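Reading through the structure tokens given below for one structure.
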Amino acid sequence: MNTQPPKWADRFLRWYCNPRFLEEIEGDIYELFDRRIERKNPKVAKVKFVWDVFRFFRWSNIKKSNSKFTTMNQFMLFKNYLKLGIRNIRKNIVTSSINIFGLAIAICFAVSIYIFNDMSLNMDGYHADGDRIYQITNYIEQDGSQELWGDTPIELGPDLASSQSSIENFSRIEFRSSSVRSGADVFDEFILFVDPGYFEMFDFEMINGNEDVLRNKNHVVISKEMATKYFSDEDPIGKELSFKFGNGKIKRLMVGAVLAEYPYNTSMNYQFFLPMDNFFDLEIEETKGWAFMTDATFIMLKEGESISSIYDSFDDYVELQNSSNPEWKVRKFEVMALQDLSANAYRIVGAVAGGGHPAGRVALTVIAIFLLSMACFNFMNISVVSASKRLKEIALRKVMGSVRKEIIKQFMTENLLQCFFALIVGTLLAYFLLIPWFDHLIPELNVEFRTADPMMLGIFLVGLLLVVGLIAGAYPSFYISKFDSITIFKGNQKFGSRNKFSMVMLGVQFFLAITTIVGCFIMTEQNIYLGKKDWGYDPSGTMSIYVNNTDQYELLKNELINHPAVQSYTASDYLIGRGIAKSSLELGDKQLPIRQIAVGKNYFDTFRFKIKEGRALTDNATDLLGNVVINEKFAESMGWDNALGQTFLYDSIRRTVVGVVENFHYYNFFSAIEPVMIKGLDPNRVHYLTIQTSPEKLPELEASARLAWQQIAPNDPFDRIFQKDAFDDFYQENNTNTTLLLFISGIAIVLACLGLYGLLSFNVQGKLKEFSVRKVLGAEPRALVMIVSKQYFWVLLISFVIGAPLGAYGMMNMVTSIFPDTKSVSVWPFIVAMAIILTTLIITVAGQIYKAINVNPADLLRTE
């Protein structure tokens with residue numbers, strides 16, 4: 001029989017066993033595993049040998065100090081702890097379910113916020129050359145401060161590409177609207193003119209076509225969504241689309257490529273892409289030279305090149321641009337990496353990449369941490385309460401030889417097991433409920449349960465389990481394991497009495513809940529305020545119709561002005577609610593950002609503006625050429641106490657103020673009101689016909705307008721806007737925010753109630769004998785109620801006094817960073833929050849108070 005093991009077996013035994021002890025037993029080991037070593041398959045031999053070594057030490061009852069077989073014993077011990085944990089969960093199914101569900105709710109929210117933040121912070125991260133792609137931006141000094149703009153001179157991209165050897169490719173983006181026709185279908189669409197380098201730089205997958213498709217200016221690239229919209233199930237490649245622009249020119253192009261569905265983390269998901277050469281051919285505007293600003297310019301560096309290599313040339317371009325366009329002076333050019341665009345979109349005027357304000361992400365992350373903390377405190381309290389039924393088990397384990405360390409391990413394992421179940425439930429809730437609900441609530445975000453790096457999600461979940469498990473399980477494990485077995489067997493263990501740490505935990509939990517709830521209610525109050533905010537004019541009964549030119553305007557006007565429902569009508573080049581033109585006013589070495597709109601007669605009556613001083617514009621020659629009406633913000637920015645008769649130079653024309661209107665919202669309430677100049681309308685630049693009628697007659701007037709339009713412009717879409725719907729997108733987002741905040745408040749209330757339930761159960765359990773004695777001595781139920789509840793009243797009051805102001809302060813800082821116009825904090829969020837918390841807490845404690853006042857003294861005092 002072979003008693004000499006192979007070298008690998010000998011090395012393993014000498015590593016695993018104490019060398020001195022190995023000398024005494026190695027003969028037994030080699031004889032026992034002789035057949036294992038001689039197996040023909042060496043891999044099987046190794047596995048079997050290692051496994052039998054573990055089993056040998058287990059069978060031999062060898063002391064732990066003599067071998068490293070502790071690993072195996074610890075594994076078996078851990079397995080035993082798991083069995084006990086599952087058994088106790090099943091035995092105490094109610095409290096275990098509350099524990100697991102409370103933690104799962106917080107984990108569900110935390111996982112969902114992680115998914116949301118991961119998507120937001122990894123926007124456009126899938127582009128292979130994304131680290132080499134930059135957008136050129138520029139700073140404009142406006143009203144004494146600098147604004148970051150995405151617009152750049154249209155000549156900048158080509159000039160940089162030809163003069164800088166470090167640049168490999170470039171592309172400009174120019175936004176336009178167009179009527180798009182395919183057969184009998186015609187729609188108004190938002191399109192992009194881009195250079196051929198656009199699809200060579202960015203990794204947008206194409207179902208058909210290739211990245212150099214736009215080098216043929218007779219081609220157009222469309223998204224998969226537009227392919228379905230215009231061609232249904234047909235192959236769109238080679239099919240013709242007709243584009244009609246504002247100047248009346250038509251461009252017929254063939255579909256050269258179809259984009260696949262955009263990745264979920266795309267910040268630039270547009271639908272139509274036309275070659276930039278067509279933009280110049282159409283002569284929509286005077287685009288030659290450095291004076292014209294295009295919407296975006298992207299460059300891609302060559303491998304190994306640094307962006308600093310092109311910074312030295314920017315000073316020359318600043319001078320060139322400012323000399324070409326003195327009314328739009330650039331202070332400096334800057335570059336922004338592609339990966340940073342979405343995160344900074346809120347700072348860039350005219351951003352081409354989508355992205356929200358970071359304050360929202362920060363607030364949601366803080367709320368997720370608060371909810372997790374509250375859930376951990378719940379877990380601690382309820383775990384301790386559950387252990388009150390296992391005191392004799394703990395005492396018996398100690399009598400049988402278990403040390404405190406083993407009891408701590410046991411309860412930590414059981415608590416980690418519950419946390420593991422909570423993690424599974426919470427992740428499933430996020431996957432099946434919360435993430436889909438987020439996607440339904442905010443469909444434009446396209447939120448999905450996925451991350452840029454799946455491994456990081458796994459690390460996050462494991463880390464969440466360990467952190468939550470250790471935080472939530474440490475206190476119950478250490479607290480329970482310190483009980484003395486003799487005291488427990490005598491029945492003298494004062495379980496839960498005067499536990500100041502538990503009261504502190506409840507206080508912190510209430511503090512977090514109140515901070516969250518008050519903050520959410522303050523934000524909700526702001527949303528309600530903005531939802532009811534005055535627009536500065538009366539939008540009811542107002543309908544506007546987009547026209548391509550003056551001829552269409554005149555024909556449509558003549559068809560409709562005699563309609564009995566029409567009360568007044570007017571014309572304009574832009575439409576408030578859809579945004580109006582932005583420009584700047586030179587004031588010495590500074591520029592004042594202003595908005596401007598050109599209007600026809602009856603404009604102020606049709607929209608029912610509130611004129612504070614002076615008069616409205618008419619259609620006389622003086623008003624058409626030089627007179628203007630301004631808003632209050634304009635007068636304030638210019639420092640005029642009396643604006644009537646004041647003059648200023650704009651577009652080489654001396655303007656005279658003949659009227660001042662109250663400030664009005666021309667876009668939405670997320671945007672601050674800027675100075676607005678209303679001037680006379682050039683008859684050749686009409687784009688909107690606006691009609692005023694009574695609200696109930698709007699459908700009738702719309703039907704008549706639609707019928708007239710089919711006769712006037714059958715090849716153009718009928719684009720009508722009810723002014724009362726102009727801010728629908730804002731109101732929808734506002735309502736979404738309110739719904740989300742109320743949902744978060746509901747979670748905070750539930751977790752607060754669970755925490756109180758746990759600690760109250762803990763406290764009542766420890767005071768049952770005291771209540772029995774008091775009842776024997778004649779105490780009234782009301783006195784018992786006061787004993788149970790008075791300490792919680794003070795905890796709640798202290799938490800409210802500290803948490804409510806902090807919640808208000810934090811939320812108001814976030815609100816003022818997002819909204820330009822906010823209302824002061826009223827007392828109502830505090831009153832409503834306190835009322836809701838008190839109501840829910842009274843309901844929560846009612847059952848435990850009932851248990852306290854109905855205790856039977858005979859059942860508890862017979863052991864005394």
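Chain identifiers are assigned as A, B, and so on, following the order in which chains appear in the structure tokens; residues are numbered from 1 within each chain, and ligands are numbered from 1 in order of appearance.
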Near-region 344-346 of chain A list (8 Å; only C-alpha atoms; drop same-chain fewer than 5 positions) as an NGL selection string: :A and (351-357)
Grab the residues selected above and save them as a PDB file, in the first residue's frame with all heavy atoms.
ATOM      1  N   ALA A 351     -28.913  73.858 -25.012  1.00  0.00           N
ATOM      2  CA  ALA A 351     -28.207  72.574 -24.942  1.00  0.00           C
ATOM      3  C   ALA A 351     -28.790  71.587 -25.949  1.00  0.00           C
ATOM      4  O   ALA A 351     -30.008  71.501 -26.119  1.00  0.00           O
ATOM      5  CB  ALA A 351     -28.297  71.999 -23.528  1.00  0.00           C
ATOM      6  N   VAL A 352     -27.923  70.832 -26.611  1.00  0.00           N
ATOM      7  CA  VAL A 352     -28.380  69.815 -27.557  1.00  0.00           C
ATOM      8  C   VAL A 352     -28.545  68.461 -26.875  1.00  0.00           C
ATOM      9  O   VAL A 352     -29.184  67.563 -27.406  1.00  0.00           O
ATOM     10  CB  VAL A 352     -27.409  69.676 -28.750  1.00  0.00           C
ATOM     11  CG1 VAL A 352     -27.367  70.962 -29.553  1.00  0.00           C
ATOM     12  CG2 VAL A 352     -26.020  69.283 -28.277  1.00  0.00           C
ATOM     13  N   ALA A 353     -27.950  68.310 -25.703  1.00  0.00           N
ATOM     14  CA  ALA A 353     -28.066  67.070 -24.939  1.00  0.00           C
ATOM     15  C   ALA A 353     -29.088  67.263 -23.831  1.00  0.00           C
ATOM     16  O   ALA A 353     -29.139  68.306 -23.188  1.00  0.00           O
ATOM     17  CB  ALA A 353     -26.714  66.672 -24.346  1.00  0.00           C
ATOM     18  N   GLY A 354     -29.910  66.242 -23.626  1.00  0.00           N
ATOM     19  CA  GLY A 354     -30.898  66.313 -22.564  1.00  0.00           C
ATOM     20  C   GLY A 354     -30.280  65.963 -21.223  1.00  0.00           C
ATOM     21  O   GLY A 354     -29.315  65.196 -21.134  1.00  0.00           O
ATOM     22  N   GLY A 355     -30.839  66.508 -20.172  1.00  0.00           N
ATOM     23  CA  GLY A 355     -30.333  66.218 -18.832  1.00  0.00           C
ATOM     24  C   GLY A 355     -31.005  67.100 -17.812  1.00  0.00           C
ATOM     25  O   GLY A 355     -31.308  68.269 -18.089  1.00  0.00           O
ATOM     26  N   GLY A 356     -31.262  66.545 -16.626  1.00  0.00           N
ATOM     27  CA  GLY A 356     -31.954  67.286 -15.594  1.00  0.00           C
ATOM     28  C   GLY A 356     -30.997  68.006 -14.666  1.00  0.00           C
ATOM     29  O   GLY A 356     -29.776  67.833 -14.713  1.00  0.00           O
ATOM     30  N   HIS A 357     -31.586  68.808 -13.784  1.00  0.00           N
ATOM     31  CA  HIS A 357     -30.812  69.542 -12.793  1.00  0.00           C
ATOM     32  C   HIS A 357     -30.271  68.561 -11.753  1.00  0.00           C
ATOM     33  O   HIS A 357     -31.004  67.688 -11.281  1.00  0.00           O
ATOM     34  CB  HIS A 357     -31.701  70.592 -12.121  1.00  0.00           C
ATOM     35  CG  HIS A 357     -30.934  71.662 -11.419  1.00  0.00           C
ATOM     36  ND1 HIS A 357     -30.264  71.448 -10.234  1.00  0.00           N
ATOM     37  CD2 HIS A 357     -30.731  72.972 -11.736  1.00  0.00           C
ATOM     38  CE1 HIS A 357     -29.682  72.564  -9.850  1.00  0.00           C
ATOM     39  NE2 HIS A 357     -29.940  73.514 -10.733  1.00  0.00           N
TER      40      HIS A 357
END
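Using only C-alpha atoms, the smallest distance between any of A:Glu303, A:Asp619, A:Glu674, A:Glu733 and Phe634 (chain A) comes from A:Glu674.
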Coordinates-based distance that separates CA of Thr840 (chain A) from CA of Ile528 (chain A) (Å, one decimal): 24.3 Å
Which of region 532-653 of chain A fall in helix (DSSP H, G or I), as an MDAnalysis selection string: chainID A and resid 550:560 603:607 621:625 632:638
With N, CA, C and O atoms kept, could you save the residues just selected as a tab-separated table (two decimals), in the first residue's frame?
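What follows is the written file part_10.tsv:
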chain	number	residue	atom	x	y	z
A	550	THR	N	-47.11	85.07	-45.45
A	550	THR	CA	-48.15	86.09	-45.39
A	550	THR	C	-49.36	85.70	-46.23
A	550	THR	O	-50.52	85.99	-45.85
A	551	ASP	N	-49.15	85.07	-47.37
A	551	ASP	CA	-50.28	84.68	-48.22
A	551	ASP	C	-51.22	83.73	-47.49
A	551	ASP	O	-52.45	83.89	-47.54
A	552	GLN	N	-50.67	82.73	-46.83
A	552	GLN	CA	-51.51	81.80	-46.08
A	552	GLN	C	-52.24	82.53	-44.95
A	552	GLN	O	-53.42	82.25	-44.69
A	553	TYR	N	-51.54	83.46	-44.32
A	553	TYR	CA	-52.18	84.22	-43.24
A	553	TYR	C	-53.39	85.00	-43.76
A	553	TYR	O	-54.47	84.97	-43.15
A	554	GLU	N	-53.20	85.70	-44.85
A	554	GLU	CA	-54.29	86.53	-45.38
A	554	GLU	C	-55.48	85.67	-45.81
A	554	GLU	O	-56.64	86.01	-45.53
A	555	LEU	N	-55.21	84.57	-46.49
A	555	LEU	CA	-56.31	83.69	-46.94
A	555	LEU	C	-57.06	83.11	-45.75
A	555	LEU	O	-58.31	83.08	-45.74
A	556	LEU	N	-56.34	82.63	-44.75
A	556	LEU	CA	-57.00	82.03	-43.60
A	556	LEU	C	-57.75	83.08	-42.79
A	556	LEU	O	-58.88	82.83	-42.31
A	557	LYS	N	-57.14	84.24	-42.63
A	557	LYS	CA	-57.80	85.32	-41.88
A	557	LYS	C	-59.11	85.70	-42.56
A	557	LYS	O	-60.15	85.85	-41.88
A	558	ASN	N	-59.09	85.84	-43.86
A	558	ASN	CA	-60.31	86.24	-44.58
A	558	ASN	C	-61.41	85.19	-44.47
A	558	ASN	O	-62.60	85.52	-44.51
A	559	GLU	N	-61.02	83.93	-44.33
A	559	GLU	CA	-62.01	82.86	-44.18
A	559	GLU	C	-62.65	82.86	-42.79
A	559	GLU	O	-63.79	82.44	-42.63
A	560	LEU	N	-61.89	83.34	-41.78
A	560	LEU	CA	-62.34	83.15	-40.40
A	560	LEU	C	-62.86	84.41	-39.72
A	560	LEU	O	-63.66	84.31	-38.78
A	603	TYR	N	-53.18	92.90	-30.83
A	603	TYR	CA	-52.48	91.82	-30.13
A	603	TYR	C	-52.76	91.85	-28.63
A	603	TYR	O	-53.04	90.82	-28.02
A	604	PHE	N	-52.69	93.01	-28.03
A	604	PHE	CA	-52.85	93.13	-26.59
A	604	PHE	C	-54.29	92.85	-26.16
A	604	PHE	O	-54.53	92.31	-25.07
A	605	ASP	N	-55.26	93.21	-27.02
A	605	ASP	CA	-56.66	92.91	-26.70
A	605	ASP	C	-56.94	91.42	-26.87
A	605	ASP	O	-57.68	90.82	-26.08
A	606	THR	N	-56.36	90.80	-27.90
A	606	THR	CA	-56.63	89.38	-28.17
A	606	THR	C	-56.08	88.50	-27.04
A	606	THR	O	-56.75	87.57	-26.59
A	607	PHE	N	-54.88	88.80	-26.58
A	607	PHE	CA	-54.30	88.02	-25.49
A	607	PHE	C	-54.67	88.56	-24.11
A	607	PHE	O	-54.32	87.96	-23.10
A	621	ALA	N	-47.46	103.61	-39.15
A	621	ALA	CA	-46.08	103.49	-39.60
A	621	ALA	C	-45.08	103.71	-38.46
A	621	ALA	O	-44.05	103.05	-38.39
A	622	THR	N	-45.41	104.65	-37.56
A	622	THR	CA	-44.48	104.94	-36.46
A	622	THR	C	-44.35	103.74	-35.53
A	622	THR	O	-43.24	103.36	-35.12
A	623	ASP	N	-45.48	103.12	-35.19
A	623	ASP	CA	-45.43	101.95	-34.32
A	623	ASP	C	-44.74	100.79	-35.02
A	623	ASP	O	-44.05	99.97	-34.39
A	624	LEU	N	-44.92	100.70	-36.31
A	624	LEU	CA	-44.31	99.60	-37.05
A	624	LEU	C	-42.79	99.73	-37.09
A	624	LEU	O	-42.07	98.73	-37.01
A	625	LEU	N	-42.27	100.98	-37.14
A	625	LEU	CA	-40.84	101.16	-37.35
A	625	LEU	C	-40.05	101.38	-36.06
A	625	LEU	O	-38.95	100.86	-35.92
A	632	GLU	N	-42.41	94.90	-17.45
A	632	GLU	CA	-41.86	95.52	-16.24
A	632	GLU	C	-40.39	95.17	-16.03
A	632	GLU	O	-39.61	95.99	-15.56
A	633	LYS	N	-40.03	93.93	-16.36
A	633	LYS	CA	-38.66	93.48	-16.16
A	633	LYS	C	-37.68	94.29	-17.00
A	633	LYS	O	-36.55	94.58	-16.58
A	634	PHE	N	-38.09	94.67	-18.19
A	634	PHE	CA	-37.25	95.49	-19.07
A	634	PHE	C	-36.97	96.83	-18.41
A	634	PHE	O	-35.81	97.28	-18.34
A	635	ALA	N	-38.03	97.48	-17.92
A	635	ALA	CA	-37.87	98.78	-17.27
A	635	ALA	C	-36.99	98.67	-16.04
A	635	ALA	O	-36.13	99.52	-15.78
A	636	GLU	N	-37.19	97.59	-15.28
A	636	GLU	CA	-36.39	97.37	-14.07
A	636	GLU	C	-34.93	97.17	-14.41
A	636	GLU	O	-34.03	97.71	-13.75
A	637	SER	N	-34.64	96.40	-15.46
A	637	SER	CA	-33.25	96.14	-15.85
A	637	SER	C	-32.56	97.40	-16.36
A	637	SER	O	-31.34	97.56	-16.19
A	638	MET	N	-33.32	98.29	-16.98
A	638	MET	CA	-32.74	99.53	-17.48
A	638	MET	C	-32.66	100.61	-16.39
A	638	MET	O	-32.06	101.66	-16.60
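Across the model, the gap from CA of Asn265 (chain A) to CA of Asn734 (chain A) is 23.3 Å.
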Interatomic distance (Å, one decimal) between CA of Asn325 (chain A) and CA of Met293 (chain A): 9.6 Å
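The residue that comes closest to Met523 (chain A), out of A:Ser799, A:Asn856, A:Asn737, A:Thr228 and on the basis of only C-alpha atoms, is A:Asn737.
Near Gln646 (chain A), within 7 Å and counting only C-alpha atoms, sit Ala643, Leu644, Thr656 and Val657 of chain A, not including residues fewer than 2 positions from it in the same chain.
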Long-range neighbours of Ala616 (chain A) as an MDAnalysis selection string, 9 Å cut-off, only C-alpha atoms, 6 positions minimum in chain: chainID A and resid 601:605 628:629 658:661
Members of region 64-275 of chain A assigned strand (DSSP E) by DSSP, as a PyMOL selection string: chain A and resi 133-142+145-149+152-153+167-182+185-194+206-208+219-223+240-244+250-259+272-275
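The shortest atom-to-atom distance to Tyr198 (chain A), with only C-alpha atoms taken into account, belongs to A:Glu211 out of A:Glu211, A:Asp484, A:Glu525, A:Asp277.
Residues surrounding Ser112 (chain A) within 7 Å are Cys108, Phe109, Ile115, Phe116, Ala430, Leu434 and Ile435 of chain A [only C-alpha atoms; sequence separation below 3 positions excluded].
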Spatial neighbours of Ser694 (chain A), max dist 10 Å, only C-alpha atoms, sep filter under 5 positions, as a PyMOL selection string: chain A and resi 540-542+565-567+701
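Among the candidates A:Ser584, A:Asn548, A:Asn620, A:Gln732, the one nearest to Leu649 (chain A) when counting only C-alpha atoms is A:Ser584.
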All residues 12 Å or closer to Ala257 (chain A), only C-alpha atoms, same chain fewer than 5 positions away omitted, as an MDAnalysis selection string: chainID A and resid 199 204:214 216 218:224 226:227 235:239 271:274
If you keep N, CA, C and O atoms, can you produce a file of those selected residues as a compact mmCIF listing (two decimals), in the first residue's frame?
# COMPACT_ATOMS: atom_id res chain seq x y z
N PHE A 199 -22.24 60.95 -37.92
CA PHE A 199 -22.39 59.50 -37.73
C PHE A 199 -21.04 58.77 -37.75
O PHE A 199 -20.96 57.59 -37.42
N PHE A 204 -24.12 55.55 -33.33
CA PHE A 204 -25.54 55.26 -33.42
C PHE A 204 -25.71 54.08 -34.39
O PHE A 204 -25.35 54.17 -35.56
N GLU A 205 -26.28 53.01 -33.88
CA GLU A 205 -26.42 51.81 -34.70
C GLU A 205 -27.44 52.04 -35.81
O GLU A 205 -28.49 52.64 -35.58
N MET A 206 -27.13 51.55 -37.00
CA MET A 206 -28.02 51.70 -38.15
C MET A 206 -28.54 50.33 -38.57
O MET A 206 -27.78 49.38 -38.73
N ILE A 207 -29.87 50.25 -38.73
CA ILE A 207 -30.47 49.01 -39.23
C ILE A 207 -30.11 48.83 -40.70
O ILE A 207 -29.76 47.75 -41.15
N ASN A 208 -30.21 49.93 -41.44
CA ASN A 208 -29.82 49.92 -42.85
C ASN A 208 -28.92 51.14 -43.09
O ASN A 208 -29.05 52.16 -42.42
N GLY A 209 -28.05 51.06 -44.05
CA GLY A 209 -27.16 52.17 -44.35
C GLY A 209 -25.86 52.07 -43.58
O GLY A 209 -25.61 51.12 -42.85
N ASN A 210 -25.00 53.08 -43.75
CA ASN A 210 -23.71 53.09 -43.06
C ASN A 210 -23.39 54.51 -42.63
O ASN A 210 -24.10 55.46 -42.94
N GLU A 211 -22.26 54.65 -41.93
CA GLU A 211 -21.95 55.91 -41.26
C GLU A 211 -21.64 57.06 -42.22
O GLU A 211 -21.73 58.23 -41.83
N ASP A 212 -21.27 56.79 -43.47
CA ASP A 212 -20.94 57.87 -44.39
C ASP A 212 -22.11 58.23 -45.30
O ASP A 212 -21.93 58.86 -46.34
N VAL A 213 -23.33 57.86 -44.88
CA VAL A 213 -24.50 58.07 -45.73
C VAL A 213 -24.75 59.54 -46.04
O VAL A 213 -25.22 59.90 -47.12
N LEU A 214 -24.40 60.43 -45.09
CA LEU A 214 -24.70 61.85 -45.30
C LEU A 214 -23.69 62.55 -46.20
O LEU A 214 -23.79 63.76 -46.42
N ASN A 216 -23.67 61.95 -49.19
CA ASN A 216 -24.55 62.18 -50.34
C ASN A 216 -25.67 63.11 -49.87
O ASN A 216 -26.51 62.72 -49.07
N ASN A 218 -28.30 64.05 -51.10
CA ASN A 218 -29.66 63.68 -51.50
C ASN A 218 -30.27 62.64 -50.56
O ASN A 218 -31.37 62.14 -50.82
N HIS A 219 -29.54 62.29 -49.53
CA HIS A 219 -30.02 61.30 -48.57
C HIS A 219 -30.48 61.96 -47.28
O HIS A 219 -30.04 63.06 -46.93
N VAL A 220 -31.33 61.26 -46.57
CA VAL A 220 -31.75 61.66 -45.23
C VAL A 220 -31.68 60.41 -44.35
O VAL A 220 -31.96 59.30 -44.81
N VAL A 221 -31.30 60.59 -43.09
CA VAL A 221 -31.29 59.50 -42.11
C VAL A 221 -32.45 59.72 -41.15
O VAL A 221 -32.66 60.84 -40.66
N ILE A 222 -33.23 58.66 -40.91
CA ILE A 222 -34.38 58.78 -40.02
C ILE A 222 -34.28 57.73 -38.91
O ILE A 222 -33.55 56.75 -39.03
N SER A 223 -35.01 57.96 -37.84
CA SER A 223 -35.03 57.01 -36.73
C SER A 223 -35.99 55.87 -37.04
O SER A 223 -36.83 55.96 -37.95
N LYS A 224 -35.88 54.81 -36.28
CA LYS A 224 -36.79 53.67 -36.42
C LYS A 224 -38.23 54.09 -36.18
O LYS A 224 -39.15 53.63 -36.87
N MET A 226 -39.60 57.02 -36.79
CA MET A 226 -40.12 57.74 -37.95
C MET A 226 -40.33 56.81 -39.14
O MET A 226 -41.24 57.01 -39.95
N ALA A 227 -39.49 55.78 -39.25
CA ALA A 227 -39.68 54.80 -40.33
C ALA A 227 -41.04 54.12 -40.19
O ALA A 227 -41.75 53.91 -41.18
N ASP A 235 -40.04 48.61 -46.24
CA ASP A 235 -38.62 48.97 -46.17
C ASP A 235 -38.48 50.42 -46.62
O ASP A 235 -38.79 50.76 -47.77
N PRO A 236 -38.02 51.33 -45.73
CA PRO A 236 -37.98 52.75 -46.11
C PRO A 236 -36.79 53.14 -46.99
O PRO A 236 -36.78 54.23 -47.55
N ILE A 237 -35.78 52.27 -47.08
CA ILE A 237 -34.58 52.62 -47.84
C ILE A 237 -34.95 52.89 -49.30
O ILE A 237 -35.59 52.08 -49.96
N GLY A 238 -34.51 54.06 -49.77
CA GLY A 238 -34.80 54.45 -51.15
C GLY A 238 -36.12 55.16 -51.33
O GLY A 238 -36.39 55.70 -52.42
N LYS A 239 -36.96 55.19 -50.29
CA LYS A 239 -38.24 55.90 -50.38
C LYS A 239 -38.00 57.40 -50.24
O LYS A 239 -37.05 57.85 -49.59
N GLN A 271 -34.75 62.63 -34.60
CA GLN A 271 -35.50 61.77 -35.52
C GLN A 271 -35.11 61.92 -37.00
O GLN A 271 -35.17 60.96 -37.74
N PHE A 272 -34.74 63.14 -37.43
CA PHE A 272 -34.41 63.38 -38.84
C PHE A 272 -33.03 64.06 -38.94
O PHE A 272 -32.77 65.02 -38.23
N PHE A 273 -32.19 63.54 -39.86
CA PHE A 273 -30.85 64.09 -40.05
C PHE A 273 -30.64 64.37 -41.54
O PHE A 273 -30.66 63.44 -42.35
N LEU A 274 -30.44 65.64 -41.87
CA LEU A 274 -30.22 66.05 -43.25
C LEU A 274 -28.78 66.55 -43.39
O LEU A 274 -28.22 67.13 -42.45
Option closest in space to Ile514 (chain A), from A:Ala804, A:Val776, A:Leu461, A:Leu301 [counting only C-alpha atoms]: A:Ala804
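Of the residues under consideration (A:Pro717, A:Gly85, A:Gly360, A:Pro153), A:Pro717 shows the shortest atom-to-atom contact distance to Ile545 (chain A) when counting only C-alpha atoms.
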